[in-house]
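Heads up, query-v1.txt below (compact mmCIF, C-alpha atoms):
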```txt
# COMPACT_ATOMS: atom_id res chain seq x y z
CA MET A 418 -12.46 13.08 -31.18
CA GLU A 419 -12.96 16.84 -30.87
CA ALA A 420 -11.30 18.21 -27.74
CA THR A 421 -11.68 21.74 -26.38
CA LYS A 422 -8.19 21.66 -24.94
CA VAL A 423 -5.17 19.34 -25.15
CA LEU A 424 -2.95 18.81 -22.13
CA ASP A 425 0.55 17.37 -22.43
CA ALA A 426 1.60 15.55 -19.26
CA LYS A 427 4.11 13.26 -20.96
CA GLY A 428 7.26 12.52 -18.98
CA LEU A 429 5.68 13.66 -15.72
CA ALA A 430 5.54 11.34 -12.74
CA CYS A 431 2.69 10.92 -10.33
CA PRO A 432 1.05 13.13 -8.96
CA MET A 433 1.67 15.73 -11.71
CA PRO A 434 -0.57 14.26 -14.46
CA ILE A 435 -3.58 14.51 -12.16
CA VAL A 436 -2.60 17.88 -10.72
CA LYS A 437 -2.35 19.29 -14.25
CA THR A 438 -5.53 17.58 -15.43
CA LYS A 439 -7.42 19.07 -12.51
CA LYS A 440 -6.10 22.53 -13.39
CA GLY A 441 -6.96 21.98 -17.05
CA MET A 442 -10.51 21.01 -16.15
CA ASN A 443 -10.93 24.25 -14.19
CA GLU A 444 -10.19 26.18 -17.38
CA ILE A 445 -12.92 24.59 -19.53
CA ASN A 446 -16.70 24.68 -19.34
CA SER A 447 -19.12 21.98 -18.35
CA GLY A 448 -19.68 19.61 -21.29
CA ASP A 449 -16.30 20.47 -22.88
CA VAL A 450 -13.72 17.74 -23.52
CA LEU A 451 -10.14 17.76 -22.25
CA GLU A 452 -7.61 15.57 -24.04
CA VAL A 453 -4.77 14.40 -21.79
CA HIS A 454 -1.49 12.75 -22.87
CA ALA A 455 0.58 10.98 -20.22
CA THR A 456 3.34 8.40 -19.97
CA ASP A 457 3.08 7.55 -16.27
CA LYS A 458 1.45 4.10 -16.16
CA GLY A 459 -0.28 4.83 -12.86
CA ALA A 460 -2.16 7.68 -14.56
CA LYS A 461 -4.76 5.34 -16.01
CA ASN A 462 -6.16 4.01 -12.74
CA ASP A 463 -5.79 7.34 -10.98
CA LEU A 464 -7.44 9.39 -13.73
CA THR A 465 -10.30 6.91 -13.90
CA ALA A 466 -10.86 7.04 -10.14
CA TRP A 467 -10.44 10.80 -10.03
CA ALA A 468 -12.87 11.41 -12.91
CA LYS A 469 -15.42 9.14 -11.27
CA SER A 470 -15.20 10.96 -7.94
CA GLY A 471 -15.75 14.31 -9.70
CA GLY A 472 -18.55 13.01 -11.92
CA HIS A 473 -16.53 13.60 -15.11
CA GLU A 474 -16.83 11.11 -17.93
CA ILE A 475 -13.88 9.45 -19.65
CA LEU A 476 -15.22 9.17 -23.20
CA GLU A 477 -12.28 7.24 -24.56
CA ASN A 478 -8.75 6.19 -23.73
CA THR A 479 -5.97 4.75 -25.88
CA GLU A 480 -2.42 3.53 -25.46
CA GLU A 481 0.06 3.83 -28.29
CA ASP A 482 3.86 3.60 -28.12
CA GLY A 483 3.80 4.07 -24.37
CA VAL A 484 1.63 7.21 -24.54
CA LEU A 485 -1.69 7.08 -22.76
CA LYS A 486 -4.40 9.37 -24.10
CA PHE A 487 -7.66 10.27 -22.40
CA TRP A 488 -10.67 12.27 -23.49
CA ILE A 489 -12.50 13.57 -20.45
CA LYS A 490 -15.87 15.33 -20.59
CA LYS A 491 -16.33 17.84 -17.80
CA ALA A 492 -19.35 17.37 -15.55
CA MET B 6 9.38 20.47 3.16
CA SER B 7 8.19 17.44 5.03
CA LYS B 8 10.53 14.68 6.20
CA THR B 9 10.88 11.20 4.72
CA ILE B 10 11.13 7.78 6.32
CA THR B 11 12.97 4.78 4.82
CA THR B 12 11.39 1.37 4.31
CA LYS B 13 14.01 0.01 6.73
CA LYS B 14 12.82 2.29 9.53
CA LEU B 15 9.17 1.57 8.84
CA ALA B 16 9.93 -2.18 8.79
CA LYS B 17 11.46 -1.92 12.28
CA LYS B 18 8.34 -0.19 13.57
CA VAL B 19 6.12 -2.89 12.09
CA ILE B 20 8.08 -5.88 13.41
CA ASN B 21 8.51 -4.32 16.84
CA HIS B 22 4.75 -3.82 17.02
CA GLU B 23 5.02 -0.06 17.52
CA GLU B 24 1.88 2.05 17.08
CA THR B 25 2.04 3.29 13.50
CA LEU B 26 -0.40 5.50 11.63
CA ILE B 27 -0.28 5.30 7.86
CA LEU B 28 -2.12 7.56 5.47
CA ASP B 29 -2.25 5.69 2.17
CA VAL B 30 -3.02 8.13 -0.65
CA ARG B 31 -3.24 5.63 -3.54
CA ASN B 32 -6.57 5.13 -5.27
CA THR B 33 -8.97 2.95 -3.34
CA ASP B 34 -8.88 -0.05 -5.71
CA GLU B 35 -5.13 -0.38 -5.28
CA PHE B 36 -5.42 0.16 -1.55
CA ASP B 37 -8.09 -2.54 -1.19
CA ASN B 38 -5.94 -4.98 -3.14
CA TRP B 39 -2.79 -4.49 -1.12
CA LYS B 40 -1.65 -2.36 1.80
CA ILE B 41 0.85 -2.13 4.64
CA GLU B 42 -0.22 -4.39 7.47
CA GLY B 43 0.95 -5.03 10.99
CA GLU B 44 -0.33 -5.83 14.47
CA LYS B 45 -0.23 -2.18 15.55
CA VAL B 46 -0.56 -0.54 12.17
CA GLU B 47 -3.56 1.67 11.56
CA VAL B 48 -4.15 2.66 7.93
CA ILE B 49 -6.35 5.41 6.58
CA ASN B 50 -6.98 5.55 2.82
CA GLU B 51 -7.73 8.82 1.06
CA PRO B 52 -6.60 9.16 -2.56
CA TYR B 53 -4.23 12.07 -3.13
CA PHE B 54 -6.48 13.55 -5.81
CA ASN B 55 -9.16 14.17 -3.20
CA LEU B 56 -6.70 16.24 -1.16
CA LEU B 57 -5.50 18.67 -3.81
CA ASP B 58 -7.80 21.43 -2.58
CA GLY B 59 -6.91 20.87 1.05
CA ILE B 60 -6.77 18.15 3.65
CA ASP B 61 -10.29 18.68 5.01
CA PRO B 62 -11.46 15.13 4.10
CA ILE B 63 -8.98 13.65 6.60
CA ALA B 64 -8.35 16.50 9.04
CA ASP B 65 -10.59 15.12 11.78
CA LYS B 66 -8.84 11.72 11.65
CA LEU B 67 -5.40 13.14 12.42
CA GLN B 68 -3.89 14.82 15.45
CA LYS B 69 -1.52 17.75 15.12
CA ASP B 70 1.43 16.21 16.96
CA GLN B 71 0.85 12.58 16.02
CA GLU B 72 3.33 10.73 13.78
CA ILE B 73 1.76 10.37 10.35
CA ILE B 74 3.43 8.33 7.60
CA VAL B 75 2.10 9.13 4.15
CA VAL B 76 2.40 6.37 1.54
CA CYS B 77 1.68 6.19 -2.19
CA ALA B 78 2.72 3.98 -5.12
CA LYS B 79 6.19 5.39 -5.76
CA GLY B 80 6.77 8.22 -3.29
CA GLY B 81 5.84 11.28 -5.38
CA SER B 82 2.27 11.88 -4.33
CA SER B 83 2.99 11.06 -0.70
CA GLU B 84 5.65 13.75 -0.61
CA MET B 85 3.21 16.33 -1.94
CA ILE B 86 0.47 15.33 0.48
CA ALA B 87 2.90 15.24 3.42
CA ASP B 88 3.82 18.83 2.55
CA PHE B 89 0.15 19.85 2.47
CA ILE B 90 -0.44 18.25 5.86
CA GLU B 91 2.59 19.96 7.32
CA GLU B 92 1.48 23.31 5.93
CA ALA B 93 -1.83 22.75 7.71
CA GLY B 94 0.04 22.78 11.02
CA TYR B 95 0.87 19.12 11.66
CA THR B 96 4.38 18.68 12.99
CA ASN B 97 5.28 15.01 12.72
CA VAL B 98 4.63 14.07 9.09
CA TYR B 99 6.75 11.72 6.97
CA SER B 100 6.58 10.46 3.40
CA LEU B 101 7.64 6.85 2.75
CA GLU B 102 10.66 6.90 0.42
CA GLY B 103 9.97 4.96 -2.76
CA GLY B 104 6.37 4.21 -1.77
CA MET B 105 4.77 0.78 -2.01
CA LYS B 106 7.17 -0.14 -4.80
CA ALA B 107 10.11 0.08 -2.40
CA TRP B 108 8.06 -1.45 0.42
CA SER B 109 7.41 -4.49 -1.76
CA GLU B 110 11.16 -5.03 -2.14
CA HIS B 111 12.27 -4.55 1.43
CA LEU B 112 13.66 -7.63 3.18
CA GLU B 113 14.13 -7.57 6.94
CA PRO B 114 16.52 -10.19 8.38
CA VAL B 115 15.32 -11.67 11.66
CA LYS B 116 17.42 -14.13 13.62
CA ILE B 117 15.52 -17.32 14.40
CA GLY B 118 18.14 -19.11 16.43
CA ASP B 119 21.57 -20.67 16.79
CA LEU B 120 22.52 -23.94 15.16
CA SER B 121 24.83 -26.62 16.49
CA ASP B 122 28.49 -25.83 15.99
CA GLY B 123 28.08 -22.05 16.12
CA GLY B 124 25.92 -21.52 13.05
CA SER B 125 22.72 -19.47 12.83
CA LEU B 126 19.41 -19.44 11.01
CA TYR B 127 17.87 -16.19 9.79
CA GLN B 128 14.43 -15.54 8.38
CA PHE B 129 14.23 -12.77 5.76
CA VAL B 130 10.81 -11.22 6.07
CA ARG B 131 9.42 -9.49 2.98
CA LEU B 132 6.84 -7.42 4.80
CA GLY B 133 5.31 -5.96 1.64
CA LYS B 134 4.41 -9.35 0.19
CA GLY B 135 4.52 -11.76 3.11
CA CYS B 136 7.30 -13.85 1.52
CA LEU B 137 9.76 -15.53 3.86
CA SER B 138 13.19 -16.75 2.77
CA TYR B 139 15.92 -18.34 4.87
CA PHE B 140 19.62 -17.91 5.40
CA ILE B 141 21.44 -20.82 7.01
CA VAL B 142 25.02 -20.03 7.96
CA SER B 143 27.62 -22.35 9.45
CA ASN B 144 31.41 -22.50 9.40
CA GLY B 145 31.84 -19.80 6.77
CA GLU B 146 29.28 -21.30 4.39
CA ALA B 147 25.71 -20.31 3.69
CA ALA B 148 22.61 -21.88 2.16
CA ILE B 149 19.67 -19.76 1.08
CA VAL B 150 16.16 -21.13 0.76
CA ASP B 151 13.46 -19.51 -1.40
CA ALA B 152 15.50 -16.44 -2.34
CA ASN B 153 13.61 -13.39 -3.57
CA ARG B 154 14.45 -11.42 -6.70
CA MET B 155 16.48 -8.82 -4.75
CA ILE B 156 19.62 -10.97 -4.57
CA ASP B 157 22.02 -8.17 -3.54
CA ILE B 158 20.45 -8.21 -0.10
CA TYR B 159 21.50 -11.85 0.48
CA GLU B 160 24.95 -11.24 -0.96
CA ASP B 161 25.55 -8.24 1.29
CA PHE B 162 24.27 -10.12 4.30
CA SER B 163 26.54 -13.09 3.66
CA LYS B 164 29.50 -10.73 3.37
CA GLU B 165 28.59 -9.22 6.74
CA GLN B 166 28.48 -12.74 8.14
CA GLY B 167 31.82 -13.60 6.56
CA ALA B 168 30.24 -16.50 4.74
CA GLN B 169 30.26 -17.79 1.20
CA ILE B 170 26.95 -18.77 -0.37
CA LYS B 171 27.32 -22.38 -1.52
CA HIS B 172 23.77 -23.63 -1.86
CA VAL B 173 20.70 -21.87 -3.20
CA ILE B 174 17.49 -23.85 -2.85
CA ASP B 175 13.89 -23.37 -3.95
CA THR B 176 11.35 -25.52 -2.10
CA HIS B 177 9.12 -25.43 -5.20
CA LEU B 178 8.49 -23.57 -8.43
CA HIS B 179 7.05 -20.29 -7.13
CA ALA B 180 3.92 -18.72 -8.60
CA ASP B 181 3.58 -15.58 -6.48
CA HIS B 182 7.03 -14.05 -6.69
CA ILE B 183 10.02 -14.20 -9.01
CA SER B 184 12.71 -16.42 -7.60
CA GLY B 185 16.18 -14.97 -7.24
CA GLY B 186 17.59 -18.47 -6.76
CA ARG B 187 19.04 -19.19 -10.16
CA LYS B 188 20.54 -15.71 -10.60
CA LEU B 189 22.02 -15.73 -7.13
CA ALA B 190 23.55 -19.19 -7.60
CA GLU B 191 25.10 -18.11 -10.91
CA LYS B 192 26.52 -14.96 -9.36
CA VAL B 193 28.17 -16.65 -6.38
CA GLU B 194 28.99 -19.81 -8.35
CA GLY B 195 26.99 -21.89 -5.97
CA GLU B 196 24.67 -24.77 -6.62
CA TYR B 197 21.00 -24.19 -7.48
CA TYR B 198 18.58 -26.85 -6.31
CA LEU B 199 15.00 -27.46 -7.44
CA PRO B 200 12.59 -30.36 -6.95
CA PRO B 201 12.82 -32.33 -10.23
CA LYS B 202 9.04 -32.80 -10.47
CA ASP B 203 8.57 -29.01 -10.52
CA ALA B 204 11.38 -28.57 -13.03
CA THR B 205 10.15 -30.62 -15.99
CA GLU B 206 9.75 -27.50 -18.12
CA VAL B 207 12.71 -25.40 -16.97
CA THR B 208 15.19 -24.16 -19.55
CA PHE B 209 18.33 -24.28 -17.39
CA ASP B 210 20.52 -26.73 -15.48
CA TYR B 211 19.90 -27.36 -11.81
CA THR B 212 20.71 -29.87 -9.11
CA PRO B 213 17.71 -32.06 -8.28
CA LEU B 214 16.51 -32.07 -4.68
CA GLU B 215 15.94 -35.61 -3.54
CA ASP B 216 14.37 -36.98 -0.41
CA GLY B 217 17.11 -38.44 1.76
CA LYS B 218 19.96 -36.70 -0.07
CA ASP B 219 21.11 -34.25 2.59
CA ILE B 220 22.78 -30.93 1.91
CA ILE B 221 25.63 -30.09 4.25
CA VAL B 222 26.35 -26.47 5.17
CA GLY B 223 29.84 -25.73 6.51
CA ASN B 224 31.58 -29.09 6.12
CA THR B 225 30.13 -31.53 8.58
CA SER B 226 28.20 -29.25 10.85
CA VAL B 227 24.69 -28.47 9.72
CA GLN B 228 22.39 -30.85 7.90
CA VAL B 229 19.61 -29.74 5.63
CA GLN B 230 17.41 -32.79 4.99
CA PRO B 231 14.94 -32.67 2.10
CA VAL B 232 11.52 -34.21 2.81
CA TYR B 233 9.32 -34.74 -0.27
CA SER B 234 6.01 -33.07 0.60
CA PRO B 235 3.82 -32.50 -2.47
CA GLY B 236 0.51 -30.63 -2.47
CA HIS B 237 1.10 -26.97 -3.30
CA THR B 238 2.99 -28.19 -6.33
CA ILE B 239 3.79 -31.76 -7.31
CA GLY B 240 7.47 -31.28 -6.41
CA SER B 241 7.14 -29.28 -3.16
CA THR B 242 9.93 -30.26 -0.80
CA SER B 243 10.35 -29.36 2.88
CA PHE B 244 13.59 -29.26 4.83
CA ILE B 245 14.59 -30.30 8.30
CA VAL B 246 17.46 -28.08 9.37
CA ASP B 247 19.80 -29.17 12.15
CA ASP B 248 17.12 -31.54 13.52
CA THR B 249 15.33 -28.50 14.94
CA TYR B 250 13.59 -26.54 12.24
CA LEU B 251 11.09 -27.58 9.56
CA LEU B 252 11.07 -25.34 6.50
CA THR B 253 7.63 -26.07 5.06
CA GLY B 254 7.71 -23.95 1.89
CA ASP B 255 4.14 -23.26 0.75
CA ILE B 256 2.66 -26.43 2.23
CA LEU B 257 1.98 -25.40 5.81
CA PHE B 258 1.73 -21.90 7.22
CA VAL B 259 1.16 -20.72 10.78
CA LYS B 260 -2.55 -20.04 10.40
CA SER B 261 -3.40 -21.75 7.14
CA ILE B 262 -2.30 -24.33 4.59
CA GLY B 263 -1.03 -24.19 1.01
CA ARG B 264 -3.31 -23.99 -1.99
CA PRO B 265 -3.03 -26.72 -4.61
CA ASP B 266 -4.33 -24.90 -7.68
CA LEU B 267 -1.68 -22.51 -8.97
CA ALA B 268 -0.48 -24.87 -11.67
CA GLY B 269 -4.06 -25.75 -12.58
CA LEU B 270 -4.24 -29.21 -11.02
CA VAL B 271 -6.35 -28.69 -7.94
CA GLU B 272 -8.26 -31.98 -8.10
CA ASP B 273 -5.06 -34.03 -8.50
CA TRP B 274 -2.99 -32.27 -5.91
CA VAL B 275 -5.50 -31.84 -3.11
CA GLY B 276 -4.95 -35.53 -2.25
CA ASP B 277 -1.18 -35.04 -2.14
CA LEU B 278 -1.66 -32.00 0.08
CA ARG B 279 -3.80 -33.98 2.48
CA ASN B 280 -1.34 -36.85 2.54
CA THR B 281 1.58 -34.51 3.30
CA LEU B 282 -0.25 -32.66 6.07
CA TYR B 283 -2.11 -35.56 7.68
CA SER B 284 0.46 -38.33 7.41
CA ARG B 285 3.92 -37.29 6.15
CA TYR B 286 4.34 -34.39 8.59
CA LYS B 287 2.71 -36.40 11.39
CA GLU B 288 5.63 -38.83 11.29
CA LEU B 289 8.02 -35.98 12.14
CA SER B 290 8.91 -34.76 15.62
CA GLU B 291 6.20 -32.55 17.13
CA ASP B 292 8.94 -30.34 18.52
CA LEU B 293 10.17 -29.17 15.14
CA MET B 294 9.78 -25.43 14.69
CA VAL B 295 7.78 -24.74 11.54
CA LEU B 296 9.21 -21.99 9.33
CA PRO B 297 6.98 -21.37 6.30
CA ALA B 298 7.72 -19.55 3.04
CA HIS B 299 4.84 -17.12 3.55
CA TYR B 300 2.56 -15.45 5.98
CA SER B 301 -0.77 -13.87 5.09
CA PHE B 302 -2.06 -12.26 8.28
CA ALA B 303 -0.55 -9.51 10.38
CA GLU B 304 -1.08 -11.58 13.52
CA GLU B 305 1.24 -14.31 12.20
CA LEU B 306 4.12 -11.86 12.52
CA GLY B 307 5.43 -12.36 16.04
CA LYS B 308 7.17 -9.67 18.04
CA GLY B 309 10.61 -8.99 16.58
CA GLY B 310 9.35 -10.19 13.20
CA LYS B 311 9.55 -13.98 13.59
CA VAL B 312 6.99 -16.09 11.77
CA SER B 313 7.10 -19.57 13.28
CA ALA B 314 5.29 -22.14 15.42
CA ARG B 315 5.89 -25.57 16.96
CA LEU B 316 4.62 -28.34 14.66
CA GLY B 317 2.73 -30.06 17.46
CA ASP B 318 0.97 -26.80 18.36
CA LEU B 319 -0.17 -26.31 14.77
CA TYR B 320 -1.92 -29.71 14.87
CA GLY B 321 -3.95 -28.25 17.71
CA ARG B 322 -4.83 -24.85 16.28
CA ASN B 323 -4.18 -24.44 12.55
CA SER B 324 -7.62 -24.53 10.92
CA GLY B 325 -6.30 -26.46 7.90
CA LEU B 326 -5.11 -29.33 10.09
CA GLN B 327 -8.42 -30.04 11.84
CA VAL B 328 -10.30 -31.69 8.98
CA GLU B 329 -9.68 -35.45 9.19
CA ASP B 330 -12.43 -36.46 6.77
CA GLU B 331 -11.09 -36.66 3.22
CA ASN B 332 -14.19 -35.36 1.48
CA GLU B 333 -14.55 -32.49 3.87
CA PHE B 334 -10.90 -31.61 3.40
CA ARG B 335 -11.35 -31.63 -0.37
CA LYS B 336 -14.39 -29.42 -0.03
CA MET B 337 -12.67 -27.01 2.33
CA VAL B 338 -9.67 -26.57 0.06
CA THR B 339 -11.47 -26.32 -3.27
CA GLU B 340 -14.24 -24.04 -2.04
CA ASN B 341 -12.04 -21.59 -0.15
CA LEU B 342 -9.54 -20.73 -2.84
CA PRO B 343 -8.72 -17.01 -2.75
CA PRO B 344 -8.17 -15.00 -5.97
CA GLN B 345 -4.97 -16.04 -7.72
CA PRO B 346 -1.84 -13.92 -7.25
CA ASN B 347 -1.16 -11.13 -9.73
CA ALA B 348 0.40 -12.39 -12.99
CA TYR B 349 1.01 -15.85 -11.51
CA GLU B 350 1.21 -17.58 -14.87
CA ASP B 351 3.88 -15.23 -16.15
CA ILE B 352 5.71 -15.50 -12.83
CA ARG B 353 5.82 -19.29 -13.21
CA LYS B 354 7.11 -18.96 -16.78
CA THR B 355 9.78 -16.53 -15.59
CA ASN B 356 10.84 -18.94 -12.87
CA MET B 357 11.08 -21.71 -15.48
CA GLY B 358 13.32 -19.51 -17.64
CA LYS B 359 10.78 -19.49 -20.47
CA ILE B 360 10.39 -15.71 -20.47
CA THR B 361 12.78 -12.99 -19.30
CA PRO B 362 10.90 -9.78 -18.52
CA ASP B 363 12.96 -6.66 -17.73
CA THR B 364 13.30 -5.49 -14.13
CA ASP B 365 10.47 -2.94 -14.32
CA LYS B 366 8.14 -5.56 -15.72
CA GLN B 367 9.20 -8.01 -12.99
CA LYS B 368 8.42 -5.43 -10.32
CA GLU B 369 5.02 -4.85 -11.85
CA MET B 370 4.29 -8.60 -12.01
CA GLU B 371 5.02 -8.93 -8.31
CA THR B 372 2.75 -6.19 -7.02
CA GLY B 373 0.03 -7.19 -4.62
CA PRO B 374 -0.25 -9.78 -1.89
CA ASN B 375 1.05 -13.36 -2.21
CA ARG B 376 -2.19 -15.32 -1.84
CA CYS B 377 -0.63 -18.76 -1.60
CA ALA B 378 -2.78 -19.95 1.29
CA VAL B 379 -6.19 -21.44 1.86
CA GLU B 380 -7.87 -20.71 5.16
CA GLY B 381 -10.08 -23.40 6.56
```

Would you kindly transcribe this structure into structure tokens?
Amino acid sequence: MEATKVLDAKGLACPMPIVKTKKGMNEINSGDVLEVHATDKGAKNDLTAWAKSGGHEILENTEEDGVLKFWIKKA
Amino acid sequence: MSKTITTKKLAKKVINHEETLILDVRNTDEFDNWKIEGEKVEVINEPYFNLLDGIDPIADKLQKDQEIIVVCAKGGSSEMIADFIEEAGYTNVYSLEGGMKAWSEHLEPVKIGDLSDGGSLYQFVRLGKGCLSYFIVSNGEAAIVDANRMIDIYEDFSKEQGAQIKHVIDTHLHADHISGGRKLAEKVEGEYYLPPKDATEVTFDYTPLEDGKDIIVGNTSVQVQPVYSPGHTIGSTSFIVDDTYLLTGDILFVKSIGRPDLAGLVEDWVGDLRNTLYSRYKELSEDLMVLPAHYSFAEELGKGGKVSARLGDLYGRNSGLQVEDENEFRKMVTENLPPQPNAYEDIRKTNMGKITPDTDKQKEMETGPNRCAVEG
């Protein structure tokens, strides 16, 4: 999937993956896609809830070798 | 930098029924599933990611000089949010060390009473999950009933008491939490007891619990009498301790009764459950003090942390004990079953020794409330 920006939040514990994702989203335009990589297991539920509250859309998410990846389309 | 509070200190506040304000910053799904509860505990939920631009969403719910305890899953987000709140001019803000993960593992020992011959009975209250385990000490020996996974806590406590753990007993094969019984018994070289009917699939050796075969703690002083009381599981066994206390396991709670479905045999076991509650227990002394293996409601936690009630009183007020008619009882139990506990099938397999998840996995399996009760 084509992402405008890739954000590496691997190895970071909660709350940093969300803090960084939020910052990353501020740097892209509406309709652009941010790709986020994280290893904190709690990131999945939190990112989903956070995206929902901001109206952003999680287009896809995967989990491979302990790395969670998300593609988030900015509202 | 904001201050932190330990689970131990928070536990004291909860059991002493002190006014406590908690700001839980986990996402709302997790909060709705499981939170810190207590008679005088007020909890506000606002996910941390809604507070990154400032604490406006909660500002009008908090007072500047009020004690505020911020809680999250592991302690990282709560620390950040506590800092934000402090920077906004609030002076009495704490972050719970280790978050809900640590809260789930905290055990608070509460003395229930003295036994004949100088012994004592303690209830270990796991506030985060509502699990209750028991420590019976007499003449330098100890027996532990329904031990949790955090076995160091029992070992340390028995050292403080100058006692050696001789007997480790599970009232039944647990489905809501991982038993520490077998590991603890191995470590202290004590005996591990299980009801044989719950142990048909276990992969290890154990001593069978048998009705009428008493366990003696501290030579001749304190008797622990097994009473076969099926219904939550087919093997469920209760104990009369020192002719005074009735350890009911997951059969009878203070406000509710056990659920018969966690091993998938609700239709078969509901009859056993009824028989245990409406005839077996009725033959026992009404003055026995009931000490269950769980509690589900904040109001069951008495002042000082005790969860107990007189057996005769429960026949008057426990909603699960007021349904004499067999069909109605069946209906009440089968139609009121709450959602099943998190990962209960894997928890049962772990307790049978069939699978051995690592510690992190075990912690994850145990998250959430216990849900072993049916409310009438």

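Nearest residue to B:Asp58, choosing from B:Phe89, B:Val46, B:Leu214, B:Thr361 and counting all atoms listed in the file: B:Phe89.
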
Distance filter 10 Å, all atoms listed in the file, chain B against chain A, as a CSV table (one decimal) with C-alpha atoms, in the coordinates of the input:
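Saved to iface.csv:
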```
chain,number,residue,atom,x,y,z
B,31,ARG,CA,-3.2,5.6,-3.5
B,32,ASN,CA,-6.6,5.1,-5.3
B,33,THR,CA,-9.0,3.0,-3.3
B,34,ASP,CA,-8.9,0.0,-5.7
B,35,GLU,CA,-5.1,-0.4,-5.3
B,52,PRO,CA,-6.6,9.2,-2.6
B,53,TYR,CA,-4.2,12.1,-3.1
B,54,PHE,CA,-6.5,13.6,-5.8
B,55,ASN,CA,-9.2,14.2,-3.2
B,57,LEU,CA,-5.5,18.7,-3.8
B,77,CYS,CA,1.7,6.2,-2.2
B,78,ALA,CA,2.7,4.0,-5.1
B,79,LYS,CA,6.2,5.4,-5.8
B,80,GLY,CA,6.8,8.2,-3.3
B,81,GLY,CA,5.8,11.3,-5.4
B,82,SER,CA,2.3,11.9,-4.3
B,83,SER,CA,3.0,11.1,-0.7
B,84,GLU,CA,5.6,13.8,-0.6
B,85,MET,CA,3.2,16.3,-1.9
B,86,ILE,CA,0.5,15.3,0.5
```

Can you tell me which residues surround B:Lys260 at a distance of at most 9 Å, considering only C-alpha atoms, apart from same-chain residues fewer than 4 positions away, and format the answer as a PyMOL selection string? chain B and resi 300-302+305+319+322-325+380

Using all atoms of stretch 46-52 of chain B listed in the file and a margin of 5 Å per side, can you give the axis-aligned box centre and edge lengths in Å to one decimal, as lines of an AutoDock Vina configuration file?
```
center_x = -4.1
center_y = 4.3
center_z = 4.8
size_x = 17.2
size_y = 19.7
size_z = 24.7
```

Determine, counting all atoms listed in the file, which protein, DNA and RNA residues have an atom within 12 Å of an atom of A:His454; residues of the same chain fewer than 3 positions away are not included. Present the result as a ChimeraX atom specification. /A:422-429,433-435,437-438,451,457-458,460-461,464,478-489

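All protein and nucleic acid residues in the vicinity of (1.1, -18.2, -8.0), that is within 6 Å when counting only C-alpha atoms, are Ala180, Asp181, Leu267, Pro346 and Tyr349 of chain B.
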
Find the spatial neighbours of A:Asn446, counting all atoms listed in the file, within a cut-off of 9 Å - ignore same-chain residues fewer than 3 positions away - and output them as a list in words. Met442, Asn443, Asp449, Val450, Lys491 and Ala492 of chain A

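Atom CA of B:Glu51 sits 11.0 Å away from atom CA of B:Lys66.
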
Distance of atom CA of B:Glu72 from atom CA of B:Lys14, expressed in Å to one decimal place: 13.4 Å

Within 9 Å of B:Phe209, counting all atoms listed in the file, which residues show up once you throw out same-chain ones fewer than 4 positions away? Write them as a PDB file with C-alpha atoms, keeping the file's coordinate frame, please.
```pdb
ATOM      1  CA  ARG B 187      19.040 -19.190 -10.160  1.00  0.00           C
ATOM      2  CA  MET B 357      11.080 -21.710 -15.480  1.00  0.00           C
ATOM      3  CA  GLY B 358      13.320 -19.510 -17.640  1.00  0.00           C
TER       4      GLY B 358
END
```

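Omitting B:Ser313 and its sequence neighbours fewer than 5 positions away, and counting only C-alpha atoms, the residues within 9 Å are Ile117, Phe258, Val259, Met294, Val295, Leu296, Pro297, Glu305, Leu306 and Gly307 of chain B.
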
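Across the model, the gap from atom CA of B:Tyr198 to atom CA of B:Glu160 is 17.7 Å.
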
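Within 7 Å of the file-frame point (8.4, 11.8, 4.8), and using only C-alpha atoms, the polymer residues found are Ser7, Lys8, Thr9, Ile10, Ile74, Val75, Glu84, Ala87, Val98, Tyr99, Ser100, Leu101 and Glu102 of chain B.
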